[in-house]
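Shown here: upload.tsv, TSV, C-alpha atoms and all ligand atoms.
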chain	number	residue	atom	x	y	z
A	1	MET	CA	126.46	14.66	-62.16
A	2	GLU	CA	123.59	15.79	-59.97
A	3	ARG	CA	124.21	16.43	-56.29
A	4	VAL	CA	121.30	17.03	-53.92
A	5	LEU	CA	121.08	18.34	-50.38
A	6	GLY	CA	118.39	16.41	-48.48
A	7	ILE	CA	116.59	17.78	-45.42
A	8	GLU	CA	114.36	15.77	-43.07
A	9	THR	CA	112.37	17.16	-40.11
A	10	SER	CA	109.12	15.17	-40.10
A	11	CYS	CA	109.36	13.85	-36.54
A	12	ASP	CA	112.07	14.11	-33.87
A	13	GLU	CA	115.16	13.84	-36.10
A	14	THR	CA	116.71	16.94	-37.66
A	15	ALA	CA	118.71	15.52	-40.55
A	16	ALA	CA	120.64	16.72	-43.60
A	17	ALA	CA	122.64	14.80	-46.19
A	18	VAL	CA	124.36	15.19	-49.53
A	19	VAL	CA	123.81	12.45	-52.12
A	20	THR	CA	124.89	12.28	-55.77
A	21	SER	CA	123.03	10.85	-58.74
A	22	ARG	CA	125.38	7.83	-58.50
A	23	LEU	CA	123.75	7.33	-55.08
A	24	ASP	CA	127.00	8.08	-53.26
A	25	VAL	CA	126.18	9.38	-49.78
A	26	GLU	CA	128.76	12.17	-49.36
A	27	SER	CA	127.49	13.09	-45.89
A	28	SER	CA	124.60	12.25	-43.59
A	29	VAL	CA	124.03	14.10	-40.32
A	30	VAL	CA	121.25	13.20	-37.88
A	31	GLU	CA	120.45	15.03	-34.63
A	32	SER	CA	117.60	13.67	-32.54
A	33	SER	CA	115.58	15.45	-29.86
A	34	ILE	CA	114.49	12.09	-28.42
A	35	ASP	CA	116.00	12.80	-24.99
A	36	GLN	CA	113.52	15.66	-24.57
A	37	HIS	CA	110.57	13.32	-25.23
A	38	ARG	CA	111.46	10.25	-23.13
A	39	ASP	CA	109.73	11.47	-19.96
A	40	TYR	CA	106.48	11.90	-21.90
A	41	GLY	CA	106.49	8.39	-23.40
A	42	GLY	CA	106.30	9.71	-26.97
A	43	VAL	CA	107.27	12.59	-29.22
A	44	VAL	CA	105.80	15.93	-28.03
A	45	PRO	CA	105.12	17.91	-31.25
A	46	GLU	CA	105.78	21.36	-29.74
A	47	LEU	CA	109.16	20.27	-28.32
A	48	ALA	CA	110.12	18.57	-31.58
A	49	GLY	CA	109.30	21.72	-33.59
A	50	ARG	CA	111.36	23.94	-31.30
A	51	ALA	CA	114.32	21.55	-31.45
A	52	HIS	CA	114.24	21.64	-35.27
A	53	VAL	CA	114.33	25.44	-35.23
A	54	ALA	CA	117.42	25.34	-33.00
A	55	THR	CA	119.32	22.63	-34.91
A	56	ILE	CA	118.39	22.92	-38.57
A	57	ARG	CA	121.03	25.46	-39.51
A	58	PRO	CA	124.04	23.76	-37.85
A	59	VAL	CA	122.91	20.35	-39.11
A	60	VAL	CA	122.66	21.54	-42.73
A	61	GLU	CA	126.03	23.32	-42.45
A	62	ARG	CA	127.66	20.19	-41.06
A	63	ALA	CA	126.26	18.06	-43.87
A	64	LEU	CA	127.67	20.48	-46.46
A	65	VAL	CA	131.08	20.76	-44.78
A	66	GLU	CA	131.36	16.99	-44.32
A	67	ALA	CA	130.67	16.63	-48.06
A	68	ASP	CA	133.60	19.02	-48.70
A	69	LEU	CA	131.30	21.76	-49.95
A	70	ASP	CA	131.33	25.49	-49.25
A	71	PRO	CA	128.36	25.98	-46.86
A	72	ARG	CA	127.80	29.52	-48.19
A	73	ARG	CA	127.55	28.55	-51.86
A	74	PRO	CA	127.69	24.76	-52.17
A	75	ASP	CA	128.22	23.01	-55.48
A	76	ILE	CA	124.86	21.24	-55.50
A	77	THR	CA	122.19	20.96	-58.20
A	78	GLY	CA	119.05	20.83	-56.06
A	79	ILE	CA	117.43	20.49	-52.66
A	80	ALA	CA	115.04	17.78	-51.44
A	81	VAL	CA	112.97	18.16	-48.31
A	82	THR	CA	110.35	16.05	-46.57
A	83	ALA	CA	106.95	17.71	-47.13
A	84	GLY	CA	104.91	14.99	-45.34
A	85	PRO	CA	103.58	12.90	-43.78
A	86	GLY	CA	104.62	13.96	-40.28
A	87	LEU	CA	104.11	16.54	-37.55
A	88	VAL	CA	103.02	19.77	-39.20
A	89	GLY	CA	105.10	22.08	-36.98
A	90	SER	CA	108.19	19.95	-37.59
A	91	LEU	CA	107.64	19.63	-41.33
A	92	LEU	CA	107.25	23.40	-41.68
A	93	VAL	CA	110.70	24.04	-40.21
A	94	GLY	CA	112.50	21.91	-42.81
A	95	LEU	CA	110.24	22.99	-45.65
A	96	SER	CA	110.68	26.73	-44.93
A	97	PHE	CA	114.43	26.31	-44.54
A	98	ALA	CA	114.68	24.41	-47.85
A	99	LYS	CA	112.61	27.03	-49.68
A	100	ALA	CA	114.81	29.82	-48.31
A	101	LEU	CA	117.97	28.02	-49.50
A	102	ALA	CA	116.44	27.29	-52.91
A	103	LEU	CA	115.57	30.95	-53.28
A	104	ALA	CA	118.94	32.24	-52.05
A	105	TRP	CA	120.97	29.84	-54.20
A	106	ASP	CA	118.57	29.88	-57.16
A	107	LEU	CA	118.21	26.09	-57.17
A	108	PRO	CA	115.28	23.77	-57.85
A	109	TYR	CA	113.83	22.07	-54.80
A	110	VAL	CA	111.33	19.25	-54.34
A	111	GLY	CA	108.98	18.30	-51.51
A	112	VAL	CA	109.47	14.56	-50.90
A	113	ASN	CA	107.06	12.06	-49.35
A	114	HIS	CA	108.72	10.67	-46.22
A	115	LEU	CA	107.51	7.12	-46.97
A	116	GLU	CA	108.88	7.26	-50.50
A	117	GLY	CA	112.13	8.34	-48.81
A	118	HIS	CA	112.12	5.17	-46.67
A	119	LEU	CA	111.58	3.13	-49.85
A	120	PHE	CA	114.77	4.60	-51.36
A	121	ALA	CA	116.93	3.66	-48.35
A	122	PRO	CA	117.65	0.07	-49.51
A	123	LEU	CA	118.74	1.45	-52.92
A	124	LEU	CA	121.46	3.56	-51.36
A	125	GLU	CA	123.25	0.42	-50.23
A	126	ALA	CA	122.37	-1.74	-53.24
A	127	PRO	CA	122.09	0.60	-56.25
A	128	SER	CA	121.95	-2.31	-58.69
A	129	LEU	CA	119.31	-4.43	-56.98
A	130	GLU	CA	116.98	-6.48	-59.11
A	131	TRP	CA	113.47	-5.27	-59.79
A	132	PRO	CA	110.63	-5.74	-59.09
A	133	LEU	CA	111.14	-5.22	-55.37
A	134	VAL	CA	108.74	-5.86	-52.51
A	135	THR	CA	109.46	-3.76	-49.41
A	136	LEU	CA	108.12	-4.22	-45.91
A	137	LEU	CA	108.06	-0.64	-44.62
A	138	VAL	CA	107.61	-0.63	-40.85
A	139	SER	CA	108.11	2.45	-38.69
A	140	GLY	CA	106.64	4.22	-35.69
A	141	GLY	CA	103.98	5.84	-37.83
A	142	HIS	CA	103.43	3.42	-40.72
A	143	SER	CA	103.36	-0.26	-41.62
A	144	MET	CA	102.86	-1.33	-45.20
A	145	ILE	CA	103.90	-3.78	-47.88
A	146	VAL	CA	104.84	-2.04	-51.13
A	147	HIS	CA	105.56	-3.45	-54.60
A	148	GLN	CA	107.90	-1.46	-56.84
A	149	ARG	CA	108.54	-2.07	-60.56
A	150	GLY	CA	111.40	0.40	-60.41
A	151	PRO	CA	112.51	3.43	-58.36
A	152	GLY	CA	109.49	5.62	-57.61
A	153	GLU	CA	107.01	3.19	-59.18
A	154	HIS	CA	105.23	1.96	-56.11
A	155	GLU	CA	101.98	0.16	-55.39
A	156	VAL	CA	100.76	-0.32	-51.82
A	157	LEU	CA	99.76	-4.00	-51.47
A	158	GLY	CA	98.65	-3.84	-47.84
A	159	GLU	CA	98.90	-1.67	-44.76
A	160	THR	CA	97.96	-1.58	-41.13
A	161	LEU	CA	94.31	-0.95	-40.33
A	162	ASP	CA	95.12	0.44	-36.88
A	163	ASP	CA	98.49	0.78	-35.07
A	164	ALA	CA	101.83	0.84	-36.86
A	165	ALA	CA	104.25	-1.92	-35.82
A	166	GLY	CA	106.60	0.54	-34.07
A	167	GLU	CA	103.64	2.17	-32.34
A	168	ALA	CA	102.61	-1.24	-30.96
A	169	TYR	CA	106.18	-1.73	-29.66
A	170	ASP	CA	106.17	1.73	-28.08
A	171	LYS	CA	102.75	1.29	-26.44
A	172	VAL	CA	103.50	-2.18	-25.08
A	173	ALA	CA	106.82	-0.93	-23.72
A	174	ARG	CA	105.09	1.97	-22.03
A	175	TRP	CA	102.58	-0.35	-20.31
A	176	LEU	CA	105.37	-2.67	-19.22
A	177	GLY	CA	107.29	0.30	-17.84
A	178	LEU	CA	110.20	-0.17	-20.26
A	179	GLY	CA	110.50	3.45	-21.41
A	180	TYR	CA	110.45	5.07	-24.84
A	181	PRO	CA	111.16	4.19	-27.61
A	182	GLY	CA	110.03	0.63	-26.97
A	183	GLY	CA	111.35	-1.25	-30.00
A	184	PRO	CA	115.03	-1.58	-29.09
A	185	VAL	CA	114.31	-2.50	-25.42
A	186	ILE	CA	111.71	-5.15	-26.26
A	187	ASP	CA	113.93	-6.53	-29.02
A	188	ARG	CA	116.82	-6.92	-26.55
A	189	LEU	CA	114.63	-8.43	-23.80
A	190	ALA	CA	112.91	-10.79	-26.24
A	191	ARG	CA	116.20	-12.54	-26.97
A	192	GLU	CA	116.41	-13.61	-23.30
A	193	GLY	CA	112.82	-14.84	-23.05
A	194	SER	CA	110.79	-17.77	-24.26
A	195	PRO	CA	107.96	-17.00	-26.71
A	196	GLU	CA	106.09	-20.19	-25.71
A	197	ALA	CA	105.59	-18.88	-22.16
A	198	LEU	CA	102.54	-16.91	-23.31
A	199	ALA	CA	100.04	-17.75	-26.07
A	200	LEU	CA	98.89	-14.59	-27.84
A	201	PRO	CA	96.16	-14.29	-30.50
A	202	ARG	CA	97.44	-14.27	-34.07
A	203	GLY	CA	95.76	-11.55	-36.08
A	204	MET	CA	94.82	-11.14	-39.74
A	205	LEU	CA	94.77	-14.84	-40.62
A	206	GLY	CA	92.72	-14.22	-43.81
A	207	PRO	CA	94.14	-14.02	-47.32
A	208	GLY	CA	94.37	-10.19	-47.56
A	209	LEU	CA	97.66	-8.31	-47.17
A	210	ASP	CA	96.51	-5.72	-44.64
A	211	LEU	CA	97.98	-5.74	-41.14
A	212	SER	CA	96.67	-5.08	-37.62
A	213	PHE	CA	98.47	-4.84	-34.28
A	214	SER	CA	95.95	-3.22	-31.98
A	215	GLY	CA	94.42	-6.53	-30.79
A	216	LEU	CA	97.85	-8.03	-30.11
A	217	LYS	CA	98.87	-4.95	-28.15
A	218	THR	CA	95.76	-5.17	-25.94
A	219	ALA	CA	96.21	-8.94	-25.48
A	220	VAL	CA	99.78	-8.45	-24.25
A	221	VAL	CA	98.72	-5.83	-21.74
A	222	ARG	CA	95.79	-7.95	-20.49
A	223	ALA	CA	97.97	-11.07	-20.19
A	224	SER	CA	100.63	-9.25	-18.20
A	225	GLU	CA	97.93	-7.88	-15.88
A	226	ASP	CA	96.31	-11.32	-15.45
A	227	HIS	CA	99.66	-13.07	-14.86
A	228	PRO	CA	101.84	-10.64	-12.92
A	229	ASP	CA	104.27	-13.51	-12.26
A	230	LEU	CA	105.22	-13.74	-15.97
A	231	ALA	CA	108.83	-12.75	-16.62
A	232	LEU	CA	109.11	-9.52	-18.66
A	233	ALA	CA	111.52	-11.21	-21.04
A	234	ASP	CA	108.93	-13.93	-21.77
A	235	VAL	CA	106.21	-11.33	-22.41
A	236	ALA	CA	108.58	-9.44	-24.74
A	237	ALA	CA	109.54	-12.66	-26.54
A	238	ALA	CA	105.92	-13.73	-27.05
A	239	PHE	CA	104.90	-10.27	-28.30
A	240	GLN	CA	107.86	-9.99	-30.67
A	241	ALA	CA	107.39	-13.53	-32.05
A	242	THR	CA	103.65	-12.99	-32.69
A	243	LEU	CA	104.15	-9.58	-34.32
A	244	ALA	CA	107.02	-10.78	-36.51
A	245	GLU	CA	105.05	-13.90	-37.45
A	246	GLN	CA	102.17	-11.75	-38.78
A	247	LEU	CA	104.50	-9.45	-40.73
A	248	LEU	CA	106.45	-12.34	-42.23
A	249	ARG	CA	103.28	-14.31	-43.09
A	250	LYS	CA	101.87	-11.30	-45.01
A	251	LEU	CA	105.22	-10.60	-46.64
A	252	ARG	CA	105.44	-14.24	-47.79
A	253	ALA	CA	101.92	-13.97	-49.27
A	254	ALA	CA	102.87	-10.72	-51.05
A	255	LEU	CA	105.98	-12.37	-52.54
A	256	GLU	CA	104.04	-15.45	-53.62
A	257	ALA	CA	101.47	-13.28	-55.39
A	258	SER	CA	104.08	-11.14	-57.18
A	259	ASP	CA	106.96	-11.36	-59.60
A	260	ALA	CA	109.42	-9.82	-57.11
A	261	ARG	CA	113.10	-10.60	-57.56
A	262	SER	CA	114.17	-8.79	-54.40
A	263	VAL	CA	112.75	-8.13	-50.98
A	264	ALA	CA	113.72	-5.26	-48.66
A	265	LEU	CA	113.09	-4.00	-45.16
A	266	ALA	CA	112.73	-0.28	-44.43
A	267	GLY	CA	111.70	2.02	-41.57
A	268	GLY	CA	112.77	2.10	-37.92
A	269	VAL	CA	111.32	-1.33	-37.08
A	270	ALA	CA	113.59	-2.80	-39.80
A	271	ALA	CA	116.23	-2.69	-37.04
A	272	ASN	CA	114.35	-5.55	-35.36
A	273	SER	CA	116.42	-8.73	-35.06
A	274	ALA	CA	113.51	-11.17	-35.50
A	275	LEU	CA	112.35	-9.38	-38.66
A	276	ARG	CA	115.83	-9.20	-40.15
A	277	GLU	CA	116.40	-12.91	-39.59
A	278	GLY	CA	112.91	-13.74	-40.87
A	279	VAL	CA	113.24	-11.70	-44.08
A	280	ALA	CA	116.69	-13.17	-44.80
A	281	ALA	CA	115.27	-16.70	-44.35
A	282	LEU	CA	112.24	-15.90	-46.52
A	283	ALA	CA	114.47	-14.61	-49.33
A	284	ARG	CA	116.67	-17.73	-49.15
A	285	GLU	CA	113.59	-19.93	-49.28
A	286	ARG	CA	112.32	-18.13	-52.41
A	287	GLY	CA	115.73	-17.79	-54.07
A	288	ILE	CA	115.59	-13.99	-54.27
A	289	ALA	CA	117.87	-11.26	-52.88
A	290	ALA	CA	117.22	-9.69	-49.47
A	291	HIS	CA	118.18	-6.07	-48.75
A	292	LEU	CA	118.44	-5.26	-45.06
A	293	PRO	CA	119.74	-1.68	-44.82
A	294	ALA	CA	122.16	-0.70	-42.06
A	295	LEU	CA	120.38	0.50	-38.95
A	296	ALA	CA	121.30	4.16	-39.59
A	297	MET	CA	119.57	3.92	-42.95
A	298	CYS	CA	116.44	2.26	-41.48
A	299	THR	CA	115.67	5.04	-39.01
A	300	ASP	CA	114.85	8.56	-40.15
A	301	ASN	CA	117.69	10.22	-42.08
A	302	ALA	CA	118.07	12.73	-44.90
A	303	ALA	CA	120.12	10.56	-47.28
A	304	MET	CA	116.99	8.62	-48.17
A	305	ILE	CA	115.12	11.91	-48.72
A	306	ALA	CA	117.91	13.17	-51.00
A	307	ALA	CA	117.79	9.88	-52.95
A	308	ALA	CA	114.03	10.14	-53.47
A	309	GLY	CA	114.48	13.84	-54.35
A	310	LEU	CA	117.14	13.04	-56.98
A	311	HIS	CA	114.64	10.72	-58.63
A	312	ARG	CA	111.78	13.24	-58.47
A	313	LEU	CA	113.93	16.13	-59.75
A	314	ALA	CA	115.24	13.99	-62.63
A	315	HIS	CA	111.63	13.31	-63.62
A	316	GLY	CA	110.51	16.92	-63.72
A	317	GLY	CA	109.08	16.97	-60.23
A	318	ALA	CA	110.46	20.27	-58.87
A	319	SER	CA	108.03	21.92	-56.44
A	320	ALA	CA	106.64	25.45	-56.48
A	321	LEU	CA	107.60	27.78	-53.64
A	322	GLY	CA	103.94	27.81	-52.57
A	323	LEU	CA	104.02	24.12	-51.59
A	324	SER	CA	102.43	23.48	-48.18
A	325	ALA	CA	103.41	20.88	-45.61
A	326	ARG	CA	101.25	17.77	-46.04
A	327	PRO	CA	100.95	16.16	-42.57
A	328	ALA	CA	98.77	13.25	-43.83
A	329	TRP	CA	100.29	12.76	-47.32
A	330	ASP	CA	99.33	9.24	-48.49
A	331	LEU	CA	102.01	7.34	-50.45
A	332	ARG	CA	99.30	6.41	-52.97
A	333	GLU	CA	98.96	10.09	-53.89
A	334	VAL	CA	102.61	10.33	-54.91
A	335	ALA	CA	102.78	10.22	-58.67
A	401	LIG	O1	111.32	5.15	-38.93
A	401	LIG	P1	111.47	5.63	-37.53
A	401	LIG	O2	112.83	6.07	-37.05
A	401	LIG	O3	110.51	6.84	-37.26
A	401	LIG	C1	109.26	6.94	-37.87
A	401	LIG	O4	109.18	7.47	-39.01
A	401	LIG	O5	108.31	6.43	-37.24
A	401	LIG	O6	110.89	4.46	-36.56
A	401	LIG	C2	110.87	4.54	-35.17
A	401	LIG	C3	110.19	3.29	-34.61
A	401	LIG	C4	109.86	3.39	-33.11
A	401	LIG	O7	108.50	3.02	-32.92
A	401	LIG	C5	110.81	2.36	-32.46
A	401	LIG	O8	110.27	1.76	-31.29
A	401	LIG	C6	110.95	1.35	-33.58
A	401	LIG	O9	111.04	2.14	-34.76
A	401	LIG	N1	112.16	0.52	-33.44
A	401	LIG	C7	112.14	-0.83	-33.29
A	401	LIG	C8	113.48	-1.25	-33.13
A	401	LIG	N2	114.29	-0.15	-33.23
A	401	LIG	C9	113.46	0.93	-33.42
A	401	LIG	N3	111.10	-1.68	-33.26
A	401	LIG	C10	111.38	-2.99	-33.07
A	401	LIG	N4	112.64	-3.47	-32.90
A	401	LIG	C11	113.71	-2.65	-32.93
A	401	LIG	N5	114.94	-3.14	-32.78
A	402	ZN	ZN	110.32	7.44	-40.78

As structure tokens - that is how I would like this structure written.
Amino acid sequence: MERVLGIETSCDETAAAVVTSRLDVESSVVESSIDQHRDYGGVVPELAGRAHVATIRPVVERALVEADLDPRRPDITGIAVTAGPGLVGSLLVGLSFAKALALAWDLPYVGVNHLEGHLFAPLLEAPSLEWPLVTLLVSGGHSMIVHQRGPGEHEVLGETLDDAAGEAYDKVARWLGLGYPGGPVIDRLAREGSPEALALPRGMLGPGLDLSFSGLKTAVVRASEDHPDLALADVAAAFQATLAEQLLRKLRAALEASDARSVALAGGVAANSALREGVAALARERGIAAHLPALAMCTDNAAMIAAAGLHRLAHGGASALGLSARPAWDLREVA
């Protein structure tokens, strides 16, 4: 049985996990530096990089110990680490650490694409899901609809032309003075408001599967400036309903145009209550299975990176020690 140590440092989470080829998650440790970034309204790359340097070693040790392994010479068969996309200074910390361990322990290692990692998260909870699978991958940095024939066989059907869904949440929250990150706060507020209180423009009404949230974001800000009497909860509800409607409309179109037998949500925005309800309803309507990973598996973690790494290593994908961080690594370039 293969057993891989996964390491993730692409943004503000320092994470390590141990996952077996049976997709058992033996440990998963996540430390976030988010408290250091709140005052700035977004992740400050320099602070994130420094936090990774300080926490990577204890986080990896904890992941090994929690998996009942000897942290000095663990019984693992390989190492998987996020090589991109992400903040270059943050990626380099994890990548250098993984290379050093691979060298010291004489183990193969593989640089994993962070987005491919997110695509493996639903599999960790449903290892026997039915293929093909269509995944709506929505995070702070990316928003895309991906078709997969099997693990690692992905085709991007559509993606955002401007802001990512989570980025739109974070920016709207910042303008409304709701703090950072914006997704969880707006999601909570939206449940107390009425979406009909404010009519917002619906974007991307054409037949394509690409997404766009920049216009919606601007419309929300303008509307709240023009109508200062509007309740925040109503603004949040209208924004959330319009954004979810666009995502679900495109996801429905992607499912109708494909042979998918399952649908999944992935990425930090997959924690969103409107999206989770909408995807479950869509799956029921189409008679296919919905996979809505637990919240800890939606946000950045290293178990998903280990899972993607297990797949890559099993298919001859070990990386050379000269591998560089790839801050803008496109999922389409992962072969
Ligand atoms: O995947 P993730 O942890 O990090 C990236 O790789 O980007 O996603 C973080 C994003 C943030 O933009 C945050 O506001 C958003 O996920 N988010 C949510 C919710 N929880 C987190 N967005 C909408 N509703 C939520 N409940
Ligand atoms: Zn992510």

#### Entry: Near-Glu256 (chain A) list (12 Å; all atoms listed in the file; drop same-chain fewer than 4 positions) as JSON, numbers by chain
{"A": [134, 207, 209, 249, 250, 251, 252, 260, 261, 263, 282, 283, 285, 286, 287, 288]}

Could you build a table of the residues in chain A lying no more than 7 Å from ligand LIG 401 (chain A), giving for each the nearest pair of atoms and their separation in Å rounded to one decimal place, using all atoms listed in the file, ordered by chain and ascending residue number, as a Markdown table?
| residue | atom | partner | partner_atom | distance |
| --- | --- | --- | --- | --- |
| A:Cys11 | CA | A:LIG401 | O4 | 6.8 |
| A:Ser139 | CA | A:LIG401 | O6 | 4.0 |
| A:Gly140 | CA | A:LIG401 | O5 | 3.2 |
| A:Gly141 | CA | A:LIG401 | O5 | 4.4 |
| A:His142 | CA | A:LIG401 | O5 | 6.7 |
| A:Gly166 | CA | A:LIG401 | O7 | 3.3 |
| A:Glu167 | CA | A:LIG401 | O7 | 5.0 |
| A:Tyr169 | CA | A:LIG401 | O8 | 5.6 |
| A:Asp170 | CA | A:LIG401 | O8 | 5.2 |
| A:Pro181 | CA | A:LIG401 | O8 | 4.5 |
| A:Gly182 | CA | A:LIG401 | O8 | 4.5 |
| A:Gly183 | CA | A:LIG401 | N3 | 3.3 |
| A:Pro184 | CA | A:LIG401 | N5 | 4.0 |
| A:Ile186 | CA | A:LIG401 | N4 | 6.9 |
| A:Asp187 | CA | A:LIG401 | N4 | 5.1 |
| A:Gly267 | CA | A:LIG401 | O1 | 4.1 |
| A:Gly268 | CA | A:LIG401 | O6 | 3.3 |
| A:Val269 | CA | A:LIG401 | N3 | 3.8 |
| A:Ala270 | CA | A:LIG401 | C8 | 6.8 |
| A:Ala271 | CA | A:LIG401 | N5 | 4.5 |
| A:Asn272 | CA | A:LIG401 | N5 | 3.6 |
| A:Ser273 | CA | A:LIG401 | N5 | 6.2 |
| A:Cys298 | CA | A:LIG401 | O1 | 6.4 |
| A:Thr299 | CA | A:LIG401 | O2 | 3.6 |
| A:Asp300 | CA | A:LIG401 | O2 | 4.5 |

## Note on the structure
Of A:Ser324, A:His291, A:Leu103, A:Ala197, the one sitting nearest Ala121 (chain A) when using all atoms listed in the file is A:His291

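Among the candidates A:Ala266, A:Leu200, A:Val185, A:Ala314, the one nearest to ligand ZN 402 (chain A) when counting all atoms listed in the file is A:Ala266.
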
### Minimum-distance residue to Phe213 (chain A), chosen among A:Ser10, A:Ser28, A:Thr82, A:Ser143 (using only C-alpha atoms)
A:Ser143

### Message
Between A:Leu123, A:Ala80, A:Ala100, A:Leu331, which residue has the minimum interatomic distance to Ile7 (chain A), considering all atoms listed in the file?
### Response
A:Ala80

### Message
Can you tell me which residues surround His147 (chain A) at a distance of at most 8 Å, considering all atoms listed in the file, apart from same-chain residues fewer than 3 positions away, and format the answer as a list in words?
### Response
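Once the nearby chain positions are removed, what remains is Pro132, Leu133, Val134, Thr135, His154, Glu155, Val156, Leu157 and Ala260 of chain A.
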
### Task
Report the distance between CA of Arg174 (chain A) and CA of His227 (chain A) in Å, rounded to one decimal place.
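Computing the Euclidean distance for CA of Arg174 (chain A) and CA of His227 (chain A) yields 17.5 Å.
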
### Task
Find the residues around Val29 (chain A) up to 9 Å (only C-alpha atoms counted), leave out those fewer than 5 positions away in its own chain, and share them as a list of chain:residue names.
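In the requested form, the answer reads A:Thr14, A:Ala15, A:Ala16, A:Ala17, A:Val59, A:Val60, A:Arg62, A:Ala63, A:Glu66, A:Asn301, A:Ala302, A:Ala303.
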
### Task
Rank nothing, just name the residue among A:Ile145, A:Pro74, A:His114, A:Pro85 nearest to Leu101 (chain A), using only C-alpha atoms.
A:Pro74

Please determine an axis-aligned box that encloses all atoms of region 285-303 of chain A listed in the file, with 6 Å added on each side, and express its centre and edge lengths in Å to one decimal as JSON.
{"center_x": 117.2, "center_y": -3.6, "center_z": -46.6, "size_x": 21.8, "size_y": 44.7, "size_z": 27.3}

### Task
Please measure the separation of CA of Met204 (chain A) and CA of Ala173 (chain A), giving the value in Å to one decimal.
22.5 Å

### Interatomic distance, CA of Leu189 (chain A) to CA of Leu243 (chain A) (Å, one decimal)
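These two atoms are separated by 14.9 Å.
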
### Query
Out of A:Leu248, A:Ala238, A:Ile76, A:Val93, which residue has the shortest atom-to-atom distance to Leu211 (chain A) when counting only C-alpha atoms?
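Selected residue with least distance to Leu211 (chain A): A:Leu248.
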